[in-house]
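Student: One structure is given below, represented as structure tokens, and several questions about it will come after.
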Amino acid sequence: MHSEACKALRRQGYQFVNTTSSAAVKPCMWNKRALRGGDMCYKAQFYGIESHRCVQMTPTLRCNQQCLFCWRSFEHEVTEEEECPPAEIIDNLRRLQKKALSGYKVSPYVPPELFAEALDPTMVAISLSGEPTCYSHLPEFIDGLNSEGYTTFLVSNGTRPDVLARCRPYQLYVSLDAPDRETYLGLCRPKKDYWDRIQESLAGLATRRSAIRTTVVRGYNDFSPEGYAAIYQDSGARFVEVKGYMYLGYSRNRLKREQMPEHEVVRAFAEKIVEHCDYSIKDESPVSRVVCLERDV
Ligand code: SF4
């Protein structure tokens with residue numbers, strides 16, 4: 001798996017678990033900022049998660065969609081020869097996190113106690129890139145993380161409701177990036193039409209700690225607030241994150257900077273959505289251009 005795509009990802013900070021799978025760890029920007037005593041990510045603000053103790057990872061980089069706003073490169077996909085067993089990934093998480101953060105040990109801006117905590121992560125966010133439900137051992141993998149004492153966040157595109165039904169993360173995110181099938185097909189470019197499967201995944205959220213994530217791309221899916229509201233309402237998800245598209249990574253080859261909505265635009269769109277459903281604005285993070293809605297009790 002020593003392809004050009006793989007080398008490019010290594011340069012971007014990806015730490016691969018082994019050379020035959022695409023399971024990888026990459027500390028996010030917020031992890032590093034928090035380590036320097038700076039701001040934490042909006043997950044800290046919304047859900048009390050400590051950014052510097054969070055491992056951002058994926059068990060596979062494969063995906064069954066090609067969303068226009070995705071950071072991945074579709075032209076140079078990482079090929080996976082075989083899947084990495086769950087135990088091997090879990091056994092390597094701390095080692096890879098330590099390797100990725102090693103440069104921060106000597107930084108005068110990083111308090112030693114924060115660095116020590118960062119090497120003892122408490123949370124795993126399965127959200128780096130790729131679609132985790134394409135990994136055939138996902139339920140056992142999450143069970144393994146849970147039994148190691150990690151708080152687990154799983155972010156999925158919702159195209160495999162059968163797999164999600166077998167997964168037991170602390171919090172499950174499912175993406176909904178369109179108010180209707182036609183917009184979904186144009187923006188997310190799935191290998192097959194998975195719209196009905198996504199609706200099935202959303203319908204399964206009422207009974208678990210869950211959130212829907214909607215990435216708003218100006219000119220593509222920033223219309224029909226009542227359409228989004230109706231789907232949120234039917235889902236029963238506890239939280240919804242309405243998030244502006246960020247002009248980053250390989251998405252810059254497909255979209256324009258102007259398609260990144262300002263925070264005020266995201267906020268105004270969220271305000272229109274809540275007029276049509278039993279959700280209220282709970283919190284917001286202008287720097288991340290995200291508004292968090294919570295279901296009214
Ligand atoms: S579902 Fe996620 S990983 Fe797959 S293409 Fe869309 S944004 Fe990228």
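A note on labels: chains of the structure tokens are A, B, ... as shown, every chain counts residues from 1, and ligands are counted from 1 in their shown order.
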Given only C-alpha atoms, how would the per-residue table for range 214-261 of chain A near range 188-204 of chain A read, listing every residue at most 10 Å away with its closest atom pair and distance in Å to one decimal, sorted by chain and number, as CSV?

Tutor:
```
residue,atom,partner,partner_atom,distance
A:Ile231,CA,A:Gln199,CA,8.1
A:Tyr232,CA,A:Leu202,CA,8.1
A:Gln233,CA,A:Ala203,CA,9.8
A:Asp234,CA,A:Ala203,CA,6.8
A:Ser235,CA,A:Ala203,CA,4.6
A:Gly236,CA,A:Ala203,CA,7.3
A:Ala237,CA,A:Leu202,CA,7.6
```

Student: Could you write out that same residue set with C-alpha atoms as a short mmCIF file (atom, residue, chain, number, x, y, z; two decimals), in the first residue's frame?

Tutor:
```
data_model
loop_
_atom_site.label_atom_id
_atom_site.label_comp_id
_atom_site.auth_asym_id
_atom_site.auth_seq_id
_atom_site.Cartn_x
_atom_site.Cartn_y
_atom_site.Cartn_z
CA ILE A 231 -36.65 14.62 8.26
CA TYR A 232 -35.09 15.67 11.59
CA GLN A 233 -38.52 15.50 13.21
CA ASP A 234 -39.20 11.98 11.93
CA SER A 235 -35.75 10.78 13.04
CA GLY A 236 -36.07 11.69 16.70
CA ALA A 237 -32.31 12.32 16.93
#
```

Student: Find the spatial neighbours of range 167-174 of chain A, counting only C-alpha atoms, within a cut-off of 7 Å - ignore same-chain residues fewer than 5 positions away - and output them as a PyMOL selection string.

Tutor: chain A and resi 139+142-143+151-158+202+209-213

Student: Kindly give the distance, in Å, that separates CA of Ser280 in chain A and CA of Leu164 in chain A, rounded to a single decimal.

Tutor: 26.4 Å

Student: Which residues form the shell of 9 Å around ligand 1 when you count only C-alpha atoms and all ligand atoms, given as a ChimeraX atom specification?

Tutor: /A:61-74,127-132,155-159,175,188-190

Student: For the residues in that selection, give me N, CA and C atoms as a PDB file, in the first residue's frame.

Tutor:
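What ended up in again-v1.pdb:
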```pdb
ATOM      1  N   LEU A  61     -10.299   3.663   4.854  1.00  0.00           N
ATOM      2  CA  LEU A  61     -10.466   4.894   4.070  1.00  0.00           C
ATOM      3  C   LEU A  61     -11.426   4.682   2.899  1.00  0.00           C
ATOM      4  N   ARG A  62     -11.945   3.449   2.763  1.00  0.00           N
ATOM      5  CA  ARG A  62     -12.884   3.196   1.661  1.00  0.00           C
ATOM      6  C   ARG A  62     -14.204   3.924   1.912  1.00  0.00           C
ATOM      7  N   CYS A  63     -14.889   4.252   0.848  1.00  0.00           N
ATOM      8  CA  CYS A  63     -16.192   4.901   0.994  1.00  0.00           C
ATOM      9  C   CYS A  63     -17.063   4.538  -0.204  1.00  0.00           C
ATOM     10  N   ASN A  64     -18.376   4.563   0.001  1.00  0.00           N
ATOM     11  CA  ASN A  64     -19.312   4.261  -1.085  1.00  0.00           C
ATOM     12  C   ASN A  64     -19.979   5.511  -1.633  1.00  0.00           C
ATOM     13  N   GLN A  65     -19.447   6.673  -1.280  1.00  0.00           N
ATOM     14  CA  GLN A  65     -19.941   7.936  -1.843  1.00  0.00           C
ATOM     15  C   GLN A  65     -18.731   8.762  -2.300  1.00  0.00           C
ATOM     16  N   GLN A  66     -19.023   9.791  -3.058  1.00  0.00           N
ATOM     17  CA  GLN A  66     -17.979  10.746  -3.467  1.00  0.00           C
ATOM     18  C   GLN A  66     -18.553  12.158  -3.295  1.00  0.00           C
ATOM     19  N   CYS A  67     -18.772  12.537  -2.048  1.00  0.00           N
ATOM     20  CA  CYS A  67     -19.386  13.842  -1.787  1.00  0.00           C
ATOM     21  C   CYS A  67     -18.501  14.962  -2.342  1.00  0.00           C
ATOM     22  N   LEU A  68     -19.134  15.927  -2.963  1.00  0.00           N
ATOM     23  CA  LEU A  68     -18.351  17.031  -3.538  1.00  0.00           C
ATOM     24  C   LEU A  68     -17.560  17.760  -2.450  1.00  0.00           C
ATOM     25  N   PHE A  69     -18.081  17.806  -1.224  1.00  0.00           N
ATOM     26  CA  PHE A  69     -17.431  18.570  -0.152  1.00  0.00           C
ATOM     27  C   PHE A  69     -16.417  17.756   0.636  1.00  0.00           C
ATOM     28  N   CYS A  70     -16.172  16.499   0.227  1.00  0.00           N
ATOM     29  CA  CYS A  70     -15.258  15.635   0.987  1.00  0.00           C
ATOM     30  C   CYS A  70     -13.805  16.102   0.852  1.00  0.00           C
ATOM     31  N   TRP A  71     -13.038  15.930   1.928  1.00  0.00           N
ATOM     32  CA  TRP A  71     -11.611  16.314   1.893  1.00  0.00           C
ATOM     33  C   TRP A  71     -10.767  15.290   1.152  1.00  0.00           C
ATOM     34  N   ARG A  72     -11.335  14.055   0.964  1.00  0.00           N
ATOM     35  CA  ARG A  72     -10.542  12.988   0.341  1.00  0.00           C
ATOM     36  C   ARG A  72     -10.254  13.281  -1.122  1.00  0.00           C
ATOM     37  N   SER A  73      -9.184  12.639  -1.610  1.00  0.00           N
ATOM     38  CA  SER A  73      -8.924  12.663  -3.047  1.00  0.00           C
ATOM     39  C   SER A  73      -9.624  11.462  -3.666  1.00  0.00           C
ATOM     40  N   PHE A  74     -10.437  11.671  -4.689  1.00  0.00           N
ATOM     41  CA  PHE A  74     -11.065  10.539  -5.374  1.00  0.00           C
ATOM     42  C   PHE A  74     -10.191  10.066  -6.531  1.00  0.00           C
ATOM     43  N   SER A 127     -14.012   9.076  12.763  1.00  0.00           N
ATOM     44  CA  SER A 127     -14.560  10.149  11.941  1.00  0.00           C
ATOM     45  C   SER A 127     -13.534  10.772  11.005  1.00  0.00           C
ATOM     46  N   LEU A 128     -12.404  10.138  10.840  1.00  0.00           N
ATOM     47  CA  LEU A 128     -11.322  10.815  10.118  1.00  0.00           C
ATOM     48  C   LEU A 128     -11.639  11.024   8.645  1.00  0.00           C
ATOM     49  N   SER A 129     -11.859   9.958   7.925  1.00  0.00           N
ATOM     50  CA  SER A 129     -12.158  10.007   6.496  1.00  0.00           C
ATOM     51  C   SER A 129     -12.590   8.606   6.111  1.00  0.00           C
ATOM     52  N   GLY A 130     -13.261   8.443   4.978  1.00  0.00           N
ATOM     53  CA  GLY A 130     -13.771   7.120   4.624  1.00  0.00           C
ATOM     54  C   GLY A 130     -15.064   6.846   5.377  1.00  0.00           C
ATOM     55  N   GLU A 131     -15.743   5.774   5.002  1.00  0.00           N
ATOM     56  CA  GLU A 131     -17.008   5.429   5.655  1.00  0.00           C
ATOM     57  C   GLU A 131     -16.786   4.203   6.550  1.00  0.00           C
ATOM     58  N   PRO A 132     -16.862   4.378   7.873  1.00  0.00           N
ATOM     59  CA  PRO A 132     -16.523   3.266   8.779  1.00  0.00           C
ATOM     60  C   PRO A 132     -17.382   2.022   8.602  1.00  0.00           C
ATOM     61  N   VAL A 155     -19.107   8.430  13.314  1.00  0.00           N
ATOM     62  CA  VAL A 155     -19.696   9.308  12.299  1.00  0.00           C
ATOM     63  C   VAL A 155     -19.873   8.498  11.019  1.00  0.00           C
ATOM     64  N   SER A 156     -21.128   8.404  10.550  1.00  0.00           N
ATOM     65  CA  SER A 156     -21.412   7.563   9.387  1.00  0.00           C
ATOM     66  C   SER A 156     -22.235   8.338   8.375  1.00  0.00           C
ATOM     67  N   ASN A 157     -22.122   7.910   7.100  1.00  0.00           N
ATOM     68  CA  ASN A 157     -22.967   8.539   6.090  1.00  0.00           C
ATOM     69  C   ASN A 157     -24.364   7.908   6.039  1.00  0.00           C
ATOM     70  N   GLY A 158     -24.599   6.910   6.871  1.00  0.00           N
ATOM     71  CA  GLY A 158     -25.950   6.357   7.013  1.00  0.00           C
ATOM     72  C   GLY A 158     -26.381   5.389   5.926  1.00  0.00           C
ATOM     73  N   THR A 159     -25.460   5.007   5.056  1.00  0.00           N
ATOM     74  CA  THR A 159     -25.845   4.160   3.916  1.00  0.00           C
ATOM     75  C   THR A 159     -25.948   2.680   4.278  1.00  0.00           C
ATOM     76  N   SER A 175     -25.041  11.448   8.771  1.00  0.00           N
ATOM     77  CA  SER A 175     -25.092  12.644   7.924  1.00  0.00           C
ATOM     78  C   SER A 175     -26.391  12.706   7.135  1.00  0.00           C
ATOM     79  N   CYS A 188     -23.802  14.090  -3.121  1.00  0.00           N
ATOM     80  CA  CYS A 188     -23.043  13.023  -2.445  1.00  0.00           C
ATOM     81  C   CYS A 188     -22.572  11.944  -3.411  1.00  0.00           C
ATOM     82  N   ARG A 189     -23.079  11.904  -4.606  1.00  0.00           N
ATOM     83  CA  ARG A 189     -22.636  11.008  -5.675  1.00  0.00           C
ATOM     84  C   ARG A 189     -22.362   9.581  -5.163  1.00  0.00           C
ATOM     85  N   PRO A 190     -23.406   8.944  -4.610  1.00  0.00           N
ATOM     86  CA  PRO A 190     -23.229   7.576  -4.096  1.00  0.00           C
ATOM     87  C   PRO A 190     -23.048   6.570  -5.223  1.00  0.00           C
TER      88      PRO A 190
END
```

Student: For range 224-229 of chain A, find every residue with an atom within 7 Å (counting only C-alpha atoms), except residues of its own chain fewer than 3 positions away, and show them as a PyMOL selection string.

Tutor: chain A and resi 179+232-233+269+272-274+276-277

Student: Find the distance between CA of His76 in chain A and CA of Glu4 in chain A and write it in Å to one decimal.

Tutor: 7.6 Å

Student: For Ile49 in chain A, find every residue with an atom within 12 Å (counting only C-alpha atoms), except residues of its own chain fewer than 3 positions away, and show them as a ChimeraX atom specification.

Tutor: /A:30-31,34,40-46,52-55,121-125,150-153,170-171

Student: So that I can check the surroundings of Leu293 in chain A, please list as a PyMOL selection string every protein, DNA and RNA residue that reaches within 8 Å of it, counting only C-alpha atoms and ignoring chain neighbours fewer than 6 positions away.

Tutor: chain A and resi 239-242+279-283

Student: I need the residues of range 177-255 of chain A that end up classed as helix (DSSP H, G or I) by DSSP on the backbone, written out as a ChimeraX atom specification.

Tutor: /A:181-188,195-203,225-235,249-253

Student: Selection from above, C-alpha atoms, as a CSV table (one decimal), in the first residue's frame, can you write it?

Tutor:
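Wrote selection_28.csv, looks like this:
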```
chain,number,residue,atom,x,y,z
A,181,ARG,CA,-33.3,12.5,-3.1
A,182,GLU,CA,-32.3,14.4,-6.2
A,183,THR,CA,-30.1,16.9,-4.3
A,184,TYR,CA,-28.5,13.9,-2.4
A,185,LEU,CA,-27.6,12.1,-5.6
A,186,GLY,CA,-26.1,15.3,-7.1
A,187,LEU,CA,-24.1,16.3,-4.0
A,188,CYS,CA,-23.0,13.0,-2.4
A,195,TRP,CA,-31.4,7.7,-0.1
A,196,ASP,CA,-33.9,5.2,1.3
A,197,ARG,CA,-31.2,3.5,3.4
A,198,ILE,CA,-30.2,6.8,4.9
A,199,GLN,CA,-33.8,7.5,5.9
A,200,GLU,CA,-33.8,4.0,7.5
A,201,SER,CA,-30.6,4.9,9.5
A,202,LEU,CA,-32.2,8.2,10.6
A,203,ALA,CA,-35.3,6.4,11.7
A,225,PRO,CA,-35.4,24.3,5.6
A,226,GLU,CA,-38.9,22.7,6.0
A,227,GLY,CA,-37.6,19.6,4.2
A,228,TYR,CA,-34.7,19.2,6.6
A,229,ALA,CA,-37.0,19.9,9.5
A,230,ALA,CA,-39.5,17.2,8.5
A,231,ILE,CA,-36.7,14.6,8.3
A,232,TYR,CA,-35.1,15.7,11.6
A,233,GLN,CA,-38.5,15.5,13.2
A,234,ASP,CA,-39.2,12.0,11.9
A,235,SER,CA,-35.8,10.8,13.0
A,249,GLY,CA,-8.3,19.4,1.2
A,250,TYR,CA,-9.3,18.0,-2.1
A,251,SER,CA,-12.8,19.5,-2.0
A,252,ARG,CA,-11.1,22.6,-3.4
A,253,ASN,CA,-10.8,20.8,-6.7
```

Student: Please compute the CA of Gln56 in chain A-CA of Pro161 in chain A distance, one decimal, in Å.

Tutor: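 Going from CA of Gln56 in chain A over to CA of Pro161 in chain A, I get 22.7 Å.
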
Student: Considering only C-alpha atoms, can you say which of A:Asp278, A:Asn92, A:Asp222, A:Val217 comes closest to Lys256 in chain A?

Tutor: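 Of A:Asp278, A:Asn92, A:Asp222, A:Val217, the one nearest Lys256 in chain A, counting only C-alpha atoms, is A:Val217.
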
Student: I need the strand (DSSP E) residues of range 42-197 of chain A per DSSP on the backbone, written as a PDB file with N, CA and C atoms, in the first residue's frame.

Tutor:
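Saved result, result_26.pdb, follows:
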```pdb
ATOM      1  N   CYS A  54      -8.598  13.147  22.738  1.00  0.00           N
ATOM      2  CA  CYS A  54      -9.421  12.496  21.717  1.00  0.00           C
ATOM      3  C   CYS A  54      -8.535  11.959  20.585  1.00  0.00           C
ATOM      4  N   VAL A  55      -8.761  10.694  20.211  1.00  0.00           N
ATOM      5  CA  VAL A  55      -8.047  10.107  19.070  1.00  0.00           C
ATOM      6  C   VAL A  55      -8.991  10.142  17.869  1.00  0.00           C
ATOM      7  N   GLN A  56      -8.578  10.809  16.817  1.00  0.00           N
ATOM      8  CA  GLN A  56      -9.384  10.830  15.588  1.00  0.00           C
ATOM      9  C   GLN A  56      -8.839   9.746  14.664  1.00  0.00           C
ATOM     10  N   MET A  57      -9.672   8.831  14.252  1.00  0.00           N
ATOM     11  CA  MET A  57      -9.157   7.703  13.467  1.00  0.00           C
ATOM     12  C   MET A  57     -10.224   7.146  12.526  1.00  0.00           C
ATOM     13  N   THR A  58      -9.802   6.247  11.650  1.00  0.00           N
ATOM     14  CA  THR A  58     -10.749   5.489  10.833  1.00  0.00           C
ATOM     15  C   THR A  58     -10.240   4.062  10.671  1.00  0.00           C
ATOM     16  N   MET A 123     -11.071   9.185  24.618  1.00  0.00           N
ATOM     17  CA  MET A 123     -12.143   9.183  23.640  1.00  0.00           C
ATOM     18  C   MET A 123     -11.619   8.807  22.265  1.00  0.00           C
ATOM     19  N   VAL A 124     -12.398   8.073  21.492  1.00  0.00           N
ATOM     20  CA  VAL A 124     -12.040   7.756  20.109  1.00  0.00           C
ATOM     21  C   VAL A 124     -13.165   8.251  19.205  1.00  0.00           C
ATOM     22  N   ALA A 125     -12.820   9.129  18.279  1.00  0.00           N
ATOM     23  CA  ALA A 125     -13.786   9.618  17.289  1.00  0.00           C
ATOM     24  C   ALA A 125     -13.502   8.893  15.976  1.00  0.00           C
ATOM     25  N   ILE A 126     -14.438   8.024  15.581  1.00  0.00           N
ATOM     26  CA  ILE A 126     -14.264   7.277  14.325  1.00  0.00           C
ATOM     27  C   ILE A 126     -14.841   8.165  13.237  1.00  0.00           C
ATOM     28  N   THR A 151     -14.633   6.508  25.413  1.00  0.00           N
ATOM     29  CA  THR A 151     -15.906   7.051  24.974  1.00  0.00           C
ATOM     30  C   THR A 151     -15.848   7.080  23.449  1.00  0.00           C
ATOM     31  N   THR A 152     -16.822   6.468  22.806  1.00  0.00           N
ATOM     32  CA  THR A 152     -16.715   6.319  21.348  1.00  0.00           C
ATOM     33  C   THR A 152     -17.748   7.169  20.608  1.00  0.00           C
ATOM     34  N   PHE A 153     -17.268   7.882  19.596  1.00  0.00           N
ATOM     35  CA  PHE A 153     -18.128   8.646  18.692  1.00  0.00           C
ATOM     36  C   PHE A 153     -17.992   8.006  17.312  1.00  0.00           C
ATOM     37  N   LEU A 154     -19.103   7.702  16.685  1.00  0.00           N
ATOM     38  CA  LEU A 154     -19.084   7.120  15.349  1.00  0.00           C
ATOM     39  C   LEU A 154     -19.799   8.063  14.385  1.00  0.00           C
ATOM     40  N   VAL A 155     -19.107   8.430  13.314  1.00  0.00           N
ATOM     41  CA  VAL A 155     -19.696   9.308  12.299  1.00  0.00           C
ATOM     42  C   VAL A 155     -19.873   8.498  11.019  1.00  0.00           C
ATOM     43  N   SER A 156     -21.128   8.404  10.550  1.00  0.00           N
ATOM     44  CA  SER A 156     -21.412   7.563   9.387  1.00  0.00           C
ATOM     45  C   SER A 156     -22.235   8.338   8.375  1.00  0.00           C
ATOM     46  N   GLN A 171     -21.963   7.830  21.174  1.00  0.00           N
ATOM     47  CA  GLN A 171     -22.808   8.739  20.383  1.00  0.00           C
ATOM     48  C   GLN A 171     -22.630   8.438  18.903  1.00  0.00           C
ATOM     49  N   LEU A 172     -23.762   8.340  18.218  1.00  0.00           N
ATOM     50  CA  LEU A 172     -23.758   8.037  16.784  1.00  0.00           C
ATOM     51  C   LEU A 172     -24.173   9.277  15.991  1.00  0.00           C
ATOM     52  N   TYR A 173     -23.361   9.602  15.005  1.00  0.00           N
ATOM     53  CA  TYR A 173     -23.702  10.677  14.076  1.00  0.00           C
ATOM     54  C   TYR A 173     -24.086  10.059  12.739  1.00  0.00           C
ATOM     55  N   VAL A 174     -25.157  10.569  12.137  1.00  0.00           N
ATOM     56  CA  VAL A 174     -25.494  10.172  10.766  1.00  0.00           C
ATOM     57  C   VAL A 174     -25.627  11.457   9.942  1.00  0.00           C
ATOM     58  N   SER A 175     -25.041  11.448   8.771  1.00  0.00           N
ATOM     59  CA  SER A 175     -25.092  12.644   7.924  1.00  0.00           C
ATOM     60  C   SER A 175     -26.391  12.706   7.135  1.00  0.00           C
TER      61      SER A 175
END
```

Student: Show which residues sit within 9 Å of Met246 in chain A, as JSON, numbers by chain. Count only C-alpha atoms, and ignore same-chain residues fewer than 3 positions away.

Tutor: {"A": [69, 215, 217, 243, 251, 257, 259, 260, 261, 288, 289]}

Student: For the selection you just gave me, I'd like the residues written to a file as an mmCIF file, in the first residue's frame, keeping C-alpha atoms.

Tutor:
```cif
data_model
loop_
_atom_site.group_PDB
_atom_site.id
_atom_site.type_symbol
_atom_site.label_atom_id
_atom_site.label_comp_id
_atom_site.auth_asym_id
_atom_site.auth_seq_id
_atom_site.Cartn_x
_atom_site.Cartn_y
_atom_site.Cartn_z
ATOM 1 C CA PHE A 69 -17.431 18.570 -0.152
ATOM 2 C CA THR A 215 -23.024 20.093 5.882
ATOM 3 C CA VAL A 217 -22.875 23.996 0.795
ATOM 4 C CA LYS A 243 -22.417 22.940 9.779
ATOM 5 C CA SER A 251 -12.767 19.494 -2.000
ATOM 6 C CA ARG A 257 -14.409 29.150 -1.830
ATOM 7 C CA GLN A 259 -19.597 27.942 -1.575
ATOM 8 C CA MET A 260 -18.417 28.043 2.022
ATOM 9 C CA PRO A 261 -21.242 29.815 3.932
ATOM 10 C CA SER A 288 -16.271 26.076 13.270
ATOM 11 C CA ARG A 289 -19.372 27.537 11.556
#
```

Student: Calculated over only C-alpha atoms, which of the candidates A:Cys292, A:Cys28, A:Val216, A:Ala8 has the smallest distance to Glu77 in chain A?

Tutor: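 Result for the nearest residue to Glu77 in chain A: A:Ala8.
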
Student: Restricting the calculation to only C-alpha atoms: of A:Lys98, A:Arg295, A:Arg267, A:Arg160, which residue gets closest to Arg238 in chain A?

Tutor: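 Of all the options, A:Arg295 lies closest to Arg238 in chain A.
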